[in-house]
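Asks: As input, take work13.cif (mmCIF, C-alpha atoms):
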data_data
loop_
_atom_site.label_atom_id
_atom_site.label_comp_id
_atom_site.auth_asym_id
_atom_site.auth_seq_id
_atom_site.Cartn_x
_atom_site.Cartn_y
_atom_site.Cartn_z
CA MET A 1 15.10 12.26 0.20
CA THR A 2 13.97 14.02 3.35
CA SER A 3 13.58 12.34 6.72
CA ASN A 4 9.77 12.47 6.44
CA SER A 5 9.74 10.87 2.97
CA ASN A 6 12.12 8.17 4.21
CA LYS A 7 9.69 7.30 7.02
CA LYS A 8 6.96 6.87 4.42
CA LEU A 9 9.08 4.21 2.75
CA HIS A 10 9.69 2.33 6.02
CA PRO A 11 8.61 3.43 9.51
CA ASN A 12 11.88 2.34 11.14
CA LEU A 13 14.36 3.58 8.55
CA VAL A 14 17.52 5.30 9.78
CA VAL A 15 19.74 7.00 7.19
CA GLY A 16 23.31 7.57 8.36
CA PRO A 17 24.03 11.28 8.89
CA SER A 18 27.72 11.43 7.93
CA ARG A 19 28.60 13.98 5.23
CA ALA A 20 31.46 11.70 4.25
CA TYR A 21 29.02 9.34 2.50
CA SER A 22 28.60 11.76 -0.42
CA ILE A 23 32.30 11.70 -1.24
CA LEU A 24 32.67 7.97 -0.68
CA PHE A 25 29.63 7.01 -2.76
CA THR A 26 30.75 9.23 -5.64
CA GLU A 27 33.91 7.13 -5.93
CA MET A 28 32.07 3.85 -5.38
CA ARG A 29 29.59 4.63 -8.15
CA LYS A 30 32.19 5.37 -10.87
CA ALA A 31 32.06 2.54 -13.39
CA ASP A 32 35.67 3.09 -14.49
CA ASN A 33 37.15 2.71 -11.00
CA SER A 34 39.07 -0.51 -10.41
CA PRO A 35 37.85 -3.14 -7.93
CA THR A 36 40.72 -2.14 -5.65
CA THR A 37 39.60 1.49 -5.65
CA PHE A 38 35.98 0.48 -5.16
CA ALA A 39 36.90 -1.71 -2.18
CA THR A 40 39.01 1.03 -0.61
CA TYR A 41 36.16 3.53 -0.59
CA ALA A 42 33.61 0.84 0.29
CA ARG A 43 35.56 -0.16 3.39
CA ARG A 44 35.64 3.44 4.57
CA ALA A 45 31.89 3.81 4.03
CA MET A 46 31.06 0.45 5.61
CA ARG A 47 33.01 1.32 8.75
CA LEU A 48 30.82 4.42 9.14
CA LEU A 49 27.67 2.37 8.54
CA ALA A 50 28.78 -0.28 11.03
CA GLU A 51 29.10 2.38 13.72
CA ASP A 52 25.71 3.85 12.76
CA ALA A 53 24.11 0.40 13.09
CA ILE A 54 25.82 -0.44 16.38
CA ALA A 55 24.63 2.88 17.80
CA GLU A 56 21.03 1.71 17.34
CA LEU A 57 21.48 -1.35 19.58
CA PRO A 58 20.25 -1.35 23.19
CA THR A 59 22.69 -0.05 25.81
CA LYS A 60 22.80 0.08 29.58
CA GLU A 61 24.05 2.83 31.86
CA ALA A 62 27.49 2.24 33.33
CA GLN A 63 29.53 3.99 35.99
CA ILE A 64 33.13 4.37 34.82
CA THR A 65 36.28 6.11 35.97
CA THR A 66 38.29 8.31 33.61
CA PRO A 67 41.89 9.41 34.30
CA CYS A 68 40.32 12.56 35.76
CA GLY A 69 37.53 11.04 37.84
CA PRO A 70 34.19 9.18 37.77
CA THR A 71 31.43 9.70 35.21
CA THR A 72 28.41 7.93 33.70
CA GLY A 73 28.47 6.27 30.28
CA VAL A 74 26.66 3.56 28.33
CA GLU A 75 27.78 0.06 27.39
CA LEU A 76 26.80 -2.69 24.96
CA ASP A 77 26.51 -6.30 26.02
CA VAL A 78 28.73 -7.67 23.25
CA ASN A 79 28.07 -11.25 24.35
CA LYS A 80 24.45 -10.70 23.28
CA ILE A 81 25.24 -9.44 19.77
CA CYS A 82 25.41 -11.60 16.65
CA ALA A 83 26.45 -10.22 13.27
CA VAL A 84 24.90 -12.24 10.44
CA SER A 85 25.97 -11.90 6.82
CA ILE A 86 23.94 -12.75 3.75
CA ILE A 87 26.72 -14.43 1.74
CA ARG A 88 28.60 -13.27 -0.38
CA ALA A 89 28.33 -9.47 -0.50
CA GLY A 90 27.24 -9.37 3.13
CA ASP A 91 30.64 -10.71 4.17
CA SER A 92 32.19 -7.34 3.28
CA LEU A 93 29.90 -5.48 5.67
CA LEU A 94 30.21 -8.21 8.29
CA GLN A 95 33.96 -7.59 8.40
CA SER A 96 33.39 -3.90 9.12
CA VAL A 97 31.04 -4.76 11.98
CA LEU A 98 33.60 -7.18 13.42
CA GLU A 99 36.31 -4.52 13.22
CA CYS A 100 34.12 -2.48 15.56
CA LEU A 101 32.93 -5.41 17.70
CA PRO A 102 35.53 -8.20 17.42
CA GLU A 103 33.89 -10.14 20.28
CA ALA A 104 30.50 -10.34 18.56
CA HIS A 105 29.13 -13.75 17.55
CA VAL A 106 28.83 -14.54 13.84
CA GLY A 107 26.18 -16.22 11.73
CA LYS A 108 25.94 -16.96 8.01
CA ILE A 109 23.03 -17.22 5.57
CA LEU A 110 23.46 -18.15 1.90
CA ILE A 111 20.70 -16.82 -0.33
CA GLN A 112 20.92 -16.31 -4.08
CA ARG A 113 18.57 -14.66 -6.51
CA ASN A 114 17.13 -16.84 -9.23
CA GLU A 115 18.63 -14.96 -12.17
CA GLU A 116 16.71 -17.16 -14.62
CA SER A 117 13.35 -15.78 -13.56
CA GLU A 118 11.81 -12.37 -14.15
CA ALA A 119 10.93 -11.92 -10.48
CA LYS A 120 14.50 -12.77 -9.32
CA GLU A 121 13.04 -14.58 -6.29
CA PRO A 122 15.45 -15.57 -3.50
CA ILE A 123 16.50 -19.18 -2.89
CA LEU A 124 17.81 -20.24 0.54
CA TYR A 125 20.76 -22.65 0.40
CA TYR A 126 22.30 -22.59 3.88
CA SER A 127 22.18 -21.01 7.34
CA LYS A 128 24.37 -21.47 10.40
CA MET A 129 24.01 -19.61 13.71
CA PRO A 130 25.87 -19.73 17.04
CA PRO A 131 24.22 -21.42 20.04
CA GLY A 132 21.87 -19.11 21.89
CA VAL A 133 21.27 -16.75 18.96
CA GLU A 134 17.58 -16.65 19.89
CA ASP A 135 18.57 -14.56 22.92
CA MET A 136 20.86 -12.17 21.01
CA HIS A 137 20.43 -8.92 19.10
CA VAL A 138 21.21 -9.59 15.45
CA ILE A 139 22.82 -7.19 12.99
CA LEU A 140 21.85 -8.60 9.59
CA CYS A 141 24.43 -7.48 7.00
CA ASP A 142 23.82 -7.09 3.28
CA PRO A 143 25.17 -4.07 1.37
CA MET A 144 22.22 -3.77 -1.03
CA LEU A 145 18.44 -3.76 -0.52
CA ALA A 146 16.93 -4.00 -4.00
CA THR A 147 13.69 -5.99 -4.24
CA GLY A 148 13.85 -6.91 -0.56
CA GLY A 149 13.53 -10.60 -1.37
CA SER A 150 16.84 -11.74 0.12
CA ALA A 151 16.45 -9.67 3.30
CA ILE A 152 12.90 -10.93 3.86
CA CYS A 153 14.03 -14.52 3.25
CA ALA A 154 16.91 -14.08 5.70
CA ILE A 155 14.68 -12.60 8.40
CA LYS A 156 12.16 -15.40 7.93
CA THR A 157 15.02 -17.91 8.30
CA LEU A 158 16.23 -16.23 11.50
CA GLN A 159 12.71 -16.36 12.91
CA GLU A 160 11.49 -19.77 11.84
CA LYS A 161 14.69 -21.81 11.87
CA HIS A 162 16.69 -20.12 14.62
CA GLY A 163 14.05 -18.63 16.94
CA VAL A 164 15.10 -14.97 16.68
CA LYS A 165 12.26 -12.51 17.26
CA ALA A 166 11.75 -9.71 14.73
CA GLU A 167 12.31 -7.02 17.36
CA GLN A 168 15.81 -8.42 17.97
CA ILE A 169 16.88 -7.91 14.34
CA LEU A 170 18.50 -4.80 12.88
CA PHE A 171 19.13 -4.78 9.12
CA ALA A 172 22.24 -2.88 8.01
CA ASN A 173 22.78 -2.10 4.33
CA MET A 174 24.79 0.40 2.34
CA ILE A 175 22.35 1.30 -0.40
CA CYS A 176 18.62 0.73 -0.87
CA CYS A 177 15.66 1.87 -2.96
CA PRO A 178 11.94 2.56 -2.44
CA GLU A 179 10.83 -0.80 -3.85
CA GLY A 180 12.90 -2.76 -1.36
CA LEU A 181 11.95 -0.51 1.54
CA ASN A 182 8.25 -0.81 0.69
CA ALA A 183 8.55 -4.61 0.58
CA MET A 184 10.27 -4.60 3.97
CA ALA A 185 7.66 -2.23 5.39
CA GLU A 186 4.89 -4.60 4.32
CA ALA A 187 6.62 -7.72 5.64
CA TYR A 188 8.50 -6.37 8.69
CA PRO A 189 7.55 -2.79 9.64
CA GLY A 190 8.97 -3.25 13.15
CA ILE A 191 12.51 -4.11 12.06
CA LYS A 192 14.92 -1.20 12.14
CA ILE A 193 16.82 -0.59 8.89
CA VAL A 194 20.07 1.37 8.99
CA THR A 195 21.37 2.51 5.61
CA ALA A 196 23.81 4.99 4.11
CA CYS A 197 21.88 5.85 0.95
CA VAL A 198 18.37 5.69 -0.54
CA ASP A 199 18.55 5.63 -4.36
CA ALA A 200 15.81 6.39 -6.85
CA SER A 201 14.42 3.04 -8.03
CA LEU A 202 14.99 -0.39 -9.58
CA ASN A 203 15.51 -0.95 -13.29
CA GLU A 204 13.99 -3.76 -15.35
CA GLU A 205 16.81 -6.11 -14.36
CA LYS A 206 16.06 -5.45 -10.65
CA TYR A 207 19.24 -3.46 -10.12
CA ILE A 208 19.26 -0.27 -8.05
CA VAL A 209 19.65 2.94 -10.09
CA PRO A 210 21.69 5.03 -10.23
CA GLY A 211 23.26 2.44 -7.93
CA LEU A 212 26.81 1.16 -8.22
CA GLY A 213 26.49 -2.17 -10.02
CA ASP A 214 26.98 -5.57 -8.37
CA TYR A 215 28.45 -4.79 -4.95
CA GLY A 216 29.86 -8.25 -4.30
CA ASP A 217 31.46 -8.58 -7.74
CA ARG A 218 33.11 -5.19 -7.50
CA PHE A 219 34.26 -5.60 -3.89
CA PHE A 220 35.64 -9.13 -4.31
CA ASN A 221 37.01 -8.47 -7.83
CA THR A 222 34.95 -11.04 -9.68
CA VAL A 223 33.76 -8.64 -12.40
#
Written as structure tokens, how would this file's structure read?
Replies:
Amino acid sequence: MTSNSNKKLHPNLVVGPSRAYSILFTEMRKADNSPTTFATYARRAMRLLAEDAIAELPTKEAQITTPCGPTTGVELDVNKICAVSIIRAGDSLLQSVLECLPEAHVGKILIQRNEESEAKEPILYYSKMPPGVEDMHVILCDPMLATGGSAICAIKTLQEKHGVKAEQILFANMICCPEGLNAMAEAYPGIKIVTACVDASLNEEKYIVPGLGDYGDRFFNTV
């Protein structure tokens, strides 16, 4: 999809520019690849996405000195960043964010889809945030944005239970589809979404197609 068509799906959508994603996703999509192979390529792709997401956070100008003299750069306030995973698949992307920002605070939200229902609505089971999260910028981590139900539930939890404003939340995911992006645009048009890939659609079982199957099962080898 083009940049203009992406903006029609969600006004604050950022698609990672790396050409490496095409190679990495080809391997991740192959149904006959082992969980070990899937995880290897997924880690490489998630590290790229983590950097893409971090690059969208606010920075401040900083005067620094290089071995050759002074110059001006930009810095993040890591003490004001919280990476939040939607358990379980989100833990994989959370780890990539922490590899880039090991000092970042961490939060956890457990949401599961009701697989017994046709709508696959999300059910919140648990959330835990660090003290002061309401004053931090949050990177919400979940590799897949399908219906949008889990992401919307997580954002609502961050807002209503933990006092985080919508403008402080950035949603990072590896792969999404128009249905999920449209749902997010309707519920939270101001939240920035950083993704690596926009796929075609959802199937009748609410899985992304062409997609890559169940991300968490393949990554954590519970297939």
Asks: Produce a table with one row for each residue of segment 111-140 of chain A that has an atom at most 12 Å from any atom of segment 35-57 of chain A, each row naming the nearest atom pair and its distance in Å at one decimal; use only C-alpha atoms; arrange rows by chain and rising residue number; format as a Markdown table.
Replies:
| residue | atom | partner | partner_atom | distance |
| --- | --- | --- | --- | --- |
| A:Met136 | CA | A:Leu57 | CA | 10.9 |
| A:His137 | CA | A:Leu57 | CA | 7.7 |
| A:Val138 | CA | A:Leu57 | CA | 9.2 |
| A:Ile139 | CA | A:Ala53 | CA | 7.7 |
| A:Leu140 | CA | A:Ala53 | CA | 9.9 |
Asks: Might you spell out which residues the PyMOL selection byres ((chain A and resi 202) around 10) would select in the displayed file, as a count of residues only?
Replies: 19
Asks: Using all atoms listed in the file, which of A:Ile123, A:Ala104, A:Leu98, A:Val164 sits nearest Asn79 of chain A?
Replies: A:Ala104
Asks: For the atom pair atom CA of Leu110 of chain A and atom CA of Ser34 of chain A, what is the interatomic distance in Å to one decimal place?
Replies: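 Atom-to-atom, atom CA of Leu110 of chain A to atom CA of Ser34 of chain A, that is 26.6 Å.
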Asks: Counting only C-alpha atoms, which of A:Thr59, A:Thr66, A:Ser18, A:Asn173 gets nearest to Leu94 of chain A?
Replies: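 Result for the nearest residue to Leu94 of chain A: A:Asn173.
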Asks: With all atoms listed in the file as the basis for distance, which of A:Gln95, A:Ser5, A:Ser85, A:Ser150 is at the shortest distance from Arg113 of chain A?
Replies: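 With all atoms listed in the file as the atom set, the closest residue is A:Ser150.
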Asks: Please report the interatomic distance between atom CA of Ile23 of chain A and atom CA of Ala185 of chain A in Å with one decimal.
Replies: 29.1 Å
Asks: Contacts of Ile152 of chain A at 10 Å or less, counting all atoms listed in the file, minus same-chain residues fewer than 6 places along, as a PyMOL selection string?
Replies: chain A and resi 122+158+180+183-184+187-188
Asks: Between A:Phe220, A:Cys197, A:Gln168, A:Asp214, which one has atoms that come closest to Pro17 of chain A, using all atoms listed in the file?
Replies: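 For Pro17 of chain A, the nearest of the candidates is A:Cys197.
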Asks: Just the number, please: distance in Å from atom CA of Pro130 of chain A to atom CA of Val97 of chain A, one decimal.
Replies: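 We find that atom CA of Pro130 of chain A and atom CA of Val97 of chain A lie 16.6 Å from each other.
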Asks: As AutoDock Vina command-line options, please: the centre and edge lengths in Å, to one decimal, of an axis-aligned box enclosing every listed atom of segment 28-46 of chain A with 6 Å added on each side.
Replies:
--center_x 35.2 --center_y 1.1 --center_z -4.4 --size_x 23.1 --size_y 20.5 --size_z 32.1
Asks: His10 of chain A: which residues within 7 Å, counting only C-alpha atoms, same-chain residues fewer than 5 positions away excluded, as a count of residues only?
Replies: 4
Asks: Skip Gln112 of chain A itself and residues of its chain fewer than 3 positions away, then list as a count of residues only all residues within 12 Å of it, counting only C-alpha atoms.
Replies: 20
Asks: Looking at all atoms listed in the file, which of A:Gly163, A:Val84, A:Asn221, A:Val78 is the one that sits closest to Leu101 of chain A?
Replies: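 Of the candidates, the smallest distance to Leu101 of chain A is held by A:Val78.
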Asks: Selected by the PyMOL selection byres ((chain A and resi 75) around 8) in the shown coordinates: which residues, as a list of chain:residue names?
Replies: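 For this structure, the PyMOL selection byres ((chain A and resi 75) around 8) captures A:Thr59, A:Lys60, A:Glu61, A:Ala62, A:Gly73, A:Val74, A:Leu76, A:Asp77.
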Asks: Go ahead and dump the residues you just picked, C-alpha atoms, as a PDB file, in the frame of the given file.
Replies:
ATOM      1  CA  THR A  59      22.690  -0.050  25.810  1.00  0.00           C
ATOM      2  CA  LYS A  60      22.800   0.080  29.580  1.00  0.00           C
ATOM      3  CA  GLU A  61      24.050   2.830  31.860  1.00  0.00           C
ATOM      4  CA  ALA A  62      27.490   2.240  33.330  1.00  0.00           C
ATOM      5  CA  GLY A  73      28.470   6.270  30.280  1.00  0.00           C
ATOM      6  CA  VAL A  74      26.660   3.560  28.330  1.00  0.00           C
ATOM      7  CA  LEU A  76      26.800  -2.690  24.960  1.00  0.00           C
ATOM      8  CA  ASP A  77      26.510  -6.300  26.020  1.00  0.00           C
TER       9      ASP A  77
END
Asks: Some atoms are absent from segment 141-152 of chain A, so rebuild all heavy atoms and return them as a PDB file, in the coordinates of the input.
Replies:
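What follows is the written file rebuild-v6.pdb:
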ATOM      1  N   CYS A 141      23.570  -8.259   7.898  1.00  0.00           N
ATOM      2  CA  CYS A 141      24.430  -7.480   7.000  1.00  0.00           C
ATOM      3  C   CYS A 141      24.241  -7.876   5.547  1.00  0.00           C
ATOM      4  O   CYS A 141      24.461  -9.040   5.186  1.00  0.00           O
ATOM      5  CB  CYS A 141      25.892  -7.673   7.386  1.00  0.00           C
ATOM      6  SG  CYS A 141      26.333  -7.222   9.076  1.00  0.00           S
ATOM      7  N   ASP A 142      23.868  -6.917   4.724  1.00  0.00           N
ATOM      8  CA  ASP A 142      23.820  -7.090   3.280  1.00  0.00           C
ATOM      9  C   ASP A 142      23.930  -5.708   2.657  1.00  0.00           C
ATOM     10  O   ASP A 142      23.086  -4.851   2.940  1.00  0.00           O
ATOM     11  CB  ASP A 142      22.530  -7.785   2.840  1.00  0.00           C
ATOM     12  CG  ASP A 142      22.592  -8.279   1.402  1.00  0.00           C
ATOM     13  OD1 ASP A 142      23.679  -8.208   0.792  1.00  0.00           O
ATOM     14  OD2 ASP A 142      21.564  -8.745   0.875  1.00  0.00           O
ATOM     15  N   PRO A 143      24.951  -5.434   1.839  1.00  0.00           N
ATOM     16  CA  PRO A 143      25.170  -4.070   1.370  1.00  0.00           C
ATOM     17  C   PRO A 143      24.041  -3.471   0.545  1.00  0.00           C
ATOM     18  O   PRO A 143      23.906  -2.252   0.497  1.00  0.00           O
ATOM     19  CB  PRO A 143      26.448  -4.173   0.539  1.00  0.00           C
ATOM     20  CG  PRO A 143      27.147  -5.357   1.068  1.00  0.00           C
ATOM     21  CD  PRO A 143      26.060  -6.320   1.448  1.00  0.00           C
ATOM     22  N   MET A 144      23.235  -4.316  -0.135  1.00  0.00           N
ATOM     23  CA  MET A 144      22.220  -3.770  -1.030  1.00  0.00           C
ATOM     24  C   MET A 144      20.827  -4.310  -0.682  1.00  0.00           C
ATOM     25  O   MET A 144      20.651  -5.496  -0.436  1.00  0.00           O
ATOM     26  CB  MET A 144      22.557  -4.112  -2.482  1.00  0.00           C
ATOM     27  CG  MET A 144      23.949  -3.658  -2.903  1.00  0.00           C
ATOM     28  SD  MET A 144      24.237  -3.734  -4.680  1.00  0.00           S
ATOM     29  CE  MET A 144      23.416  -2.244  -5.219  1.00  0.00           C
ATOM     30  N   LEU A 145      19.854  -3.397  -0.674  1.00  0.00           N
ATOM     31  CA  LEU A 145      18.440  -3.760  -0.520  1.00  0.00           C
ATOM     32  C   LEU A 145      17.738  -3.341  -1.804  1.00  0.00           C
ATOM     33  O   LEU A 145      17.424  -2.159  -1.993  1.00  0.00           O
ATOM     34  CB  LEU A 145      17.829  -3.060   0.692  1.00  0.00           C
ATOM     35  CG  LEU A 145      16.331  -3.262   0.895  1.00  0.00           C
ATOM     36  CD1 LEU A 145      15.999  -4.721   1.146  1.00  0.00           C
ATOM     37  CD2 LEU A 145      15.815  -2.397   2.042  1.00  0.00           C
ATOM     38  N   ALA A 146      17.534  -4.296  -2.697  1.00  0.00           N
ATOM     39  CA  ALA A 146      16.930  -4.000  -4.000  1.00  0.00           C
ATOM     40  C   ALA A 146      15.443  -4.346  -3.985  1.00  0.00           C
ATOM     41  O   ALA A 146      14.610  -3.511  -3.657  1.00  0.00           O
ATOM     42  CB  ALA A 146      17.673  -4.766  -5.097  1.00  0.00           C
ATOM     43  N   THR A 147      15.102  -5.594  -4.291  1.00  0.00           N
ATOM     44  CA  THR A 147      13.690  -5.990  -4.240  1.00  0.00           C
ATOM     45  C   THR A 147      13.234  -6.259  -2.808  1.00  0.00           C
ATOM     46  O   THR A 147      12.046  -6.236  -2.521  1.00  0.00           O
ATOM     47  CB  THR A 147      13.457  -7.274  -5.058  1.00  0.00           C
ATOM     48  OG1 THR A 147      14.186  -8.352  -4.454  1.00  0.00           O
ATOM     49  CG2 THR A 147      13.923  -7.088  -6.499  1.00  0.00           C
ATOM     50  N   GLY A 148      14.182  -6.536  -1.944  1.00  0.00           N
ATOM     51  CA  GLY A 148      13.850  -6.910  -0.560  1.00  0.00           C
ATOM     52  C   GLY A 148      13.711  -8.407  -0.370  1.00  0.00           C
ATOM     53  O   GLY A 148      13.573  -8.877   0.763  1.00  0.00           O
ATOM     54  N   GLY A 149      13.767  -9.163  -1.459  1.00  0.00           N
ATOM     55  CA  GLY A 149      13.530 -10.600  -1.370  1.00  0.00           C
ATOM     56  C   GLY A 149      14.529 -11.334  -0.489  1.00  0.00           C
ATOM     57  O   GLY A 149      14.156 -12.159   0.350  1.00  0.00           O
ATOM     58  N   SER A 150      15.818 -11.051  -0.663  1.00  0.00           N
ATOM     59  CA  SER A 150      16.840 -11.740   0.120  1.00  0.00           C
ATOM     60  C   SER A 150      16.752 -11.383   1.592  1.00  0.00           C
ATOM     61  O   SER A 150      16.876 -12.252   2.466  1.00  0.00           O
ATOM     62  CB  SER A 150      18.236 -11.393  -0.423  1.00  0.00           C
ATOM     63  OG  SER A 150      18.412 -11.907  -1.721  1.00  0.00           O
ATOM     64  N   ALA A 151      16.547 -10.098   1.895  1.00  0.00           N
ATOM     65  CA  ALA A 151      16.450  -9.670   3.300  1.00  0.00           C
ATOM     66  C   ALA A 151      15.241 -10.305   3.976  1.00  0.00           C
ATOM     67  O   ALA A 151      15.330 -10.787   5.115  1.00  0.00           O
ATOM     68  CB  ALA A 151      16.361  -8.152   3.373  1.00  0.00           C
ATOM     69  N   ILE A 152      14.108 -10.336   3.295  1.00  0.00           N
ATOM     70  CA  ILE A 152      12.900 -10.930   3.860  1.00  0.00           C
ATOM     71  C   ILE A 152      13.094 -12.423   4.073  1.00  0.00           C
ATOM     72  O   ILE A 152      12.701 -12.985   5.111  1.00  0.00           O
ATOM     73  CB  ILE A 152      11.690 -10.645   2.953  1.00  0.00           C
ATOM     74  CG1 ILE A 152      11.339  -9.152   3.010  1.00  0.00           C
ATOM     75  CG2 ILE A 152      10.479 -11.494   3.349  1.00  0.00           C
ATOM     76  CD1 ILE A 152      10.327  -8.715   1.963  1.00  0.00           C
TER      77      ILE A 152
END
